[in-house]
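Chemist: Below you will find the structure I want to go over with you.
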Amino acid sequence: MTSISVVLGDITKLEVDAIVNAANVSLRGGGGVDGAIHRAAGLGLLEEIIEKYPDGIIVGAALPTFGHKLKAMYVIHTVGPRYYLDGVEHEKLLSDAYRNSIRVANELGCKSIAFPAISTGVYGYPIDEATEIAVRTIREEIAAGTELQEIVFCCFDDANFEAYKNELGL
Ligand code: AR6
C-alpha cells in the first residue's frame with residue numbers, strides 16, 4: 001500500500017529516502033528548489049554531478065545522486081518543461097519527469113520520496129494544470145506497481161498546497 005500526502009515546507013528538511021530536484025538541463029544548480037537543494041547538500045553534490053553527468057540531462061529524464069549533507073539518502077534530479085517554450089509537448093514532458101523519478105526511486109530501492117511542484121516556479125507551468133498531471137502520473141505509477149510506501153508532495157507556497165489538497169480530495 002502506497003500513501004500519497006501533501007506537506008507545506010522546505011523539501012531539503014524532509015526525512016525521506018529520496019527528494020526530487022526540479023533542476024535544469026545543465027544539472028549545475030540554479031535558483032528555486034534547485035538552489036536550495038544544492039546549498040543544503042553542500043559542494044559534494046555538484047562534484048558528484050560533474051563526475052557522473054558531465055553532459056547534464058534532457059527534459060523529462062531523471063538521474064540520481066547521493067544526498068550528501070541532506071537527511072535524504074538520494075537526490076533524484078529531473079527537469080520539467082518550460083511552459084511557454086516547450087509547446088504542446090509540455091504535458092507529456094511534465095508527466096515524464098514524475099514518472100521517470102518514480103522509476104529511478106524504484107531502482108534505488110527507496111521506500112519514501114518527496115516531490116516539489118516541478119515547473120511551477122521559474123518554468124511558469126500553471127499550478128492547477130501541473131498539479132493534475134503530477135497526481136495523475138503518480139497514481140498511474142502506483143497502479144503499475146512500486147515498492148514505494150510513501151509519496152509526499154512538498155509545497156513551498158499556499159497556492160500549490162491548496163491545489164494539491166484539492167486534487168487529492170484532502
Ligand atoms: N522546497 C520545496 N519547494 C520549493 C523550495 C523548497 N526549498 N524552493 C522553491 N520551491 P522552481 P521550476 C518551489 O522555480 O519551475 C531553477 O533555477 C517553488 O515555490 O524551483 O521547475 C532550476 O535550476 C515552486 O512551487 O523550479 C531551473 O533553471 C517549485 O518549487 C528552474 O529553476 C518549483 O519552482 C526550474 O524551474
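Labels for the C-alpha cells follow display order: chains A, B, ..., residues from 1 in each chain, ligands from 1.
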What do you get as a PyMOL selection string if you pick all residues at most 7 Å from ligand 1, counting only C-alpha atoms and all ligand atoms?
Modeler: chain A and resi 9-12+22-24+29-37+79-80+116-124+154-157+160
Chemist: Based on the selection just made, write C-alpha atoms of those residues as a PDB file, in the first residue's frame.
Modeler:
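After the write, part13.pdb holds the following:
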ATOM      1  CA  GLY A   9       7.507  23.371   3.782  1.00  0.00           C
ATOM      2  CA  ASP A  10      11.116  23.120   2.661  1.00  0.00           C
ATOM      3  CA  ILE A  11      11.899  19.873   0.849  1.00  0.00           C
ATOM      4  CA  THR A  12      15.537  19.977   1.968  1.00  0.00           C
ATOM      5  CA  ALA A  22      13.416  20.416 -10.210  1.00  0.00           C
ATOM      6  CA  ALA A  23      16.702  21.107 -11.954  1.00  0.00           C
ATOM      7  CA  ASN A  24      17.707  22.465 -15.362  1.00  0.00           C
ATOM      8  CA  GLY A  29      22.400  24.160  -9.896  1.00  0.00           C
ATOM      9  CA  GLY A  30      20.241  27.256 -10.182  1.00  0.00           C
ATOM     10  CA  GLY A  31      17.580  29.155  -8.249  1.00  0.00           C
ATOM     11  CA  GLY A  32      14.368  27.973  -6.579  1.00  0.00           C
ATOM     12  CA  VAL A  33      14.283  24.485  -5.154  1.00  0.00           C
ATOM     13  CA  ASP A  34      17.403  23.554  -7.139  1.00  0.00           C
ATOM     14  CA  GLY A  35      19.422  26.266  -5.409  1.00  0.00           C
ATOM     15  CA  ALA A  36      18.037  25.299  -2.004  1.00  0.00           C
ATOM     16  CA  ILE A  37      18.959  21.634  -2.518  1.00  0.00           C
ATOM     17  CA  VAL A  79      13.874  18.673 -15.386  1.00  0.00           C
ATOM     18  CA  GLY A  80      10.367  19.829 -16.097  1.00  0.00           C
ATOM     19  CA  PRO A 116       8.499  19.626  -5.279  1.00  0.00           C
ATOM     20  CA  ALA A 117       5.919  21.175  -7.610  1.00  0.00           C
ATOM     21  CA  ILE A 118       8.063  20.718 -10.711  1.00  0.00           C
ATOM     22  CA  SER A 119       7.926  23.519 -13.330  1.00  0.00           C
ATOM     23  CA  THR A 120       5.538  25.729 -11.326  1.00  0.00           C
ATOM     24  CA  GLY A 121       8.170  28.318 -10.384  1.00  0.00           C
ATOM     25  CA  VAL A 122      10.673  29.766 -12.853  1.00  0.00           C
ATOM     26  CA  TYR A 123       9.360  27.492 -15.632  1.00  0.00           C
ATOM     27  CA  GLY A 124       5.883  29.033 -15.432  1.00  0.00           C
ATOM     28  CA  CYS A 154       6.137  19.111  -0.779  1.00  0.00           C
ATOM     29  CA  CYS A 155       4.712  22.565  -1.480  1.00  0.00           C
ATOM     30  CA  PHE A 156       6.538  25.782  -0.692  1.00  0.00           C
ATOM     31  CA  ASP A 157       3.620  28.167  -1.013  1.00  0.00           C
ATOM     32  CA  ASN A 160       0.435  24.914  -4.506  1.00  0.00           C
TER      33      ASN A 160
END
Chemist: Identify, with DSSP run on backbone atoms, the residues in region 10-162 of chain A assigned to helix (DSSP H, G or I), and express the list as number ranges by chain.
Modeler: A: 11-13, 32-41, 43-52, 87-108, 127-144, 158-162
Chemist: Would you output that residue set with C-alpha atoms, as a short mmCIF file (atom, residue, chain, number, x, y, z; two decimals), in the first residue's frame?
Modeler:
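Ended up saving to out.cif:
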data_model
loop_
_atom_site.label_atom_id
_atom_site.label_comp_id
_atom_site.auth_asym_id
_atom_site.auth_seq_id
_atom_site.Cartn_x
_atom_site.Cartn_y
_atom_site.Cartn_z
CA ILE A 11 11.90 19.87 0.85
CA THR A 12 15.54 19.98 1.97
CA LYS A 13 14.44 19.31 5.56
CA GLY A 32 14.37 27.97 -6.58
CA VAL A 33 14.28 24.48 -5.15
CA ASP A 34 17.40 23.55 -7.14
CA GLY A 35 19.42 26.27 -5.41
CA ALA A 36 18.04 25.30 -2.00
CA ILE A 37 18.96 21.63 -2.52
CA HIS A 38 22.50 22.46 -3.65
CA ARG A 39 23.01 24.80 -0.70
CA ALA A 40 21.73 22.27 1.82
CA ALA A 41 23.58 19.29 0.30
CA LEU A 43 29.55 21.18 -2.69
CA GLY A 44 29.90 17.40 -2.77
CA LEU A 45 26.63 17.28 -4.69
CA LEU A 46 27.94 19.42 -7.53
CA GLU A 47 31.20 17.45 -7.59
CA GLU A 48 29.28 14.17 -7.92
CA ILE A 49 27.15 15.61 -10.73
CA ILE A 50 30.16 16.89 -12.66
CA GLU A 51 31.84 13.49 -12.38
CA LYS A 52 28.80 11.33 -13.21
CA GLY A 87 4.93 23.83 -26.76
CA VAL A 88 2.34 21.07 -26.94
CA GLU A 89 4.85 18.61 -25.56
CA HIS A 90 4.78 20.21 -22.13
CA GLU A 91 2.11 17.93 -20.67
CA LYS A 92 3.95 14.76 -21.69
CA LEU A 93 7.29 16.16 -20.53
CA LEU A 94 5.94 17.08 -17.09
CA SER A 95 4.39 13.62 -16.76
CA ASP A 96 7.71 12.06 -17.84
CA ALA A 97 9.55 14.00 -15.11
CA TYR A 98 7.32 12.48 -12.41
CA ARG A 99 7.20 9.01 -13.96
CA ASN A 100 10.95 8.73 -14.51
CA SER A 101 11.68 9.99 -10.98
CA ILE A 102 9.47 7.24 -9.53
CA ARG A 103 11.20 4.65 -11.70
CA VAL A 104 14.65 5.77 -10.52
CA ALA A 105 13.43 5.63 -6.91
CA ASN A 106 12.21 2.06 -7.53
CA GLU A 107 15.62 1.09 -8.93
CA LEU A 108 17.33 2.58 -5.86
CA ILE A 127 -0.34 25.39 -10.83
CA ASP A 128 -3.70 23.70 -11.38
CA GLU A 129 -2.64 22.07 -14.65
CA ALA A 130 0.69 20.95 -13.19
CA THR A 131 -0.95 19.54 -10.06
CA GLU A 132 -3.45 17.50 -12.07
CA ILE A 133 -0.64 15.99 -14.17
CA ALA A 134 1.52 15.28 -11.10
CA VAL A 135 -1.23 13.48 -9.18
CA ARG A 136 -2.48 11.56 -12.22
CA THR A 137 1.02 10.36 -13.13
CA ILE A 138 1.84 9.28 -9.57
CA ARG A 139 -1.43 7.36 -9.34
CA GLU A 140 -0.62 5.62 -12.64
CA GLU A 141 2.81 4.62 -11.35
CA ILE A 142 1.33 3.25 -8.12
CA ALA A 143 -1.16 1.25 -10.17
CA ALA A 144 1.68 -0.08 -12.33
CA ASP A 158 -0.06 28.22 -0.15
CA ALA A 159 -1.29 28.21 -3.75
CA ASN A 160 0.43 24.91 -4.51
CA PHE A 161 -0.56 23.46 -1.14
CA GLU A 162 -4.24 24.25 -1.74
#
Chemist: Please return as a ChimeraX atom specification: the residues of region 17-143 of chain A that backbone DSSP assigns to strand (DSSP E).
Modeler: /A:18-22,62-66,74-78,112-115
Chemist: Between A:Leu85, A:Leu168, A:Cys110, A:Ala72, which is the closest to Tyr125 (chain A) once you count only C-alpha atoms?
Modeler: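 Looking at the shortest contact to Tyr125 (chain A), the residue is A:Leu85.
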Chemist: Just how far from CA of Gly145 (chain A) is CA of Met1 (chain A), in Å to one decimal?
Modeler: 9.9 Å
Chemist: For Glu147 (chain A), which of A:Ser3, A:Ala114, A:Ile76, A:Leu170 is the closest residue, counting only C-alpha atoms?
Modeler: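 That would be A:Ser3, the residue with the smallest distance to Glu147 (chain A).
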Chemist: Name the residues in contact with Ile113 (chain A) at a cut-off of 6 Å, using only C-alpha atoms, excluding same-chain residues fewer than 4 positions from it; report them as a VMD selection string.
Modeler: chain A and resid 16 to 19 151
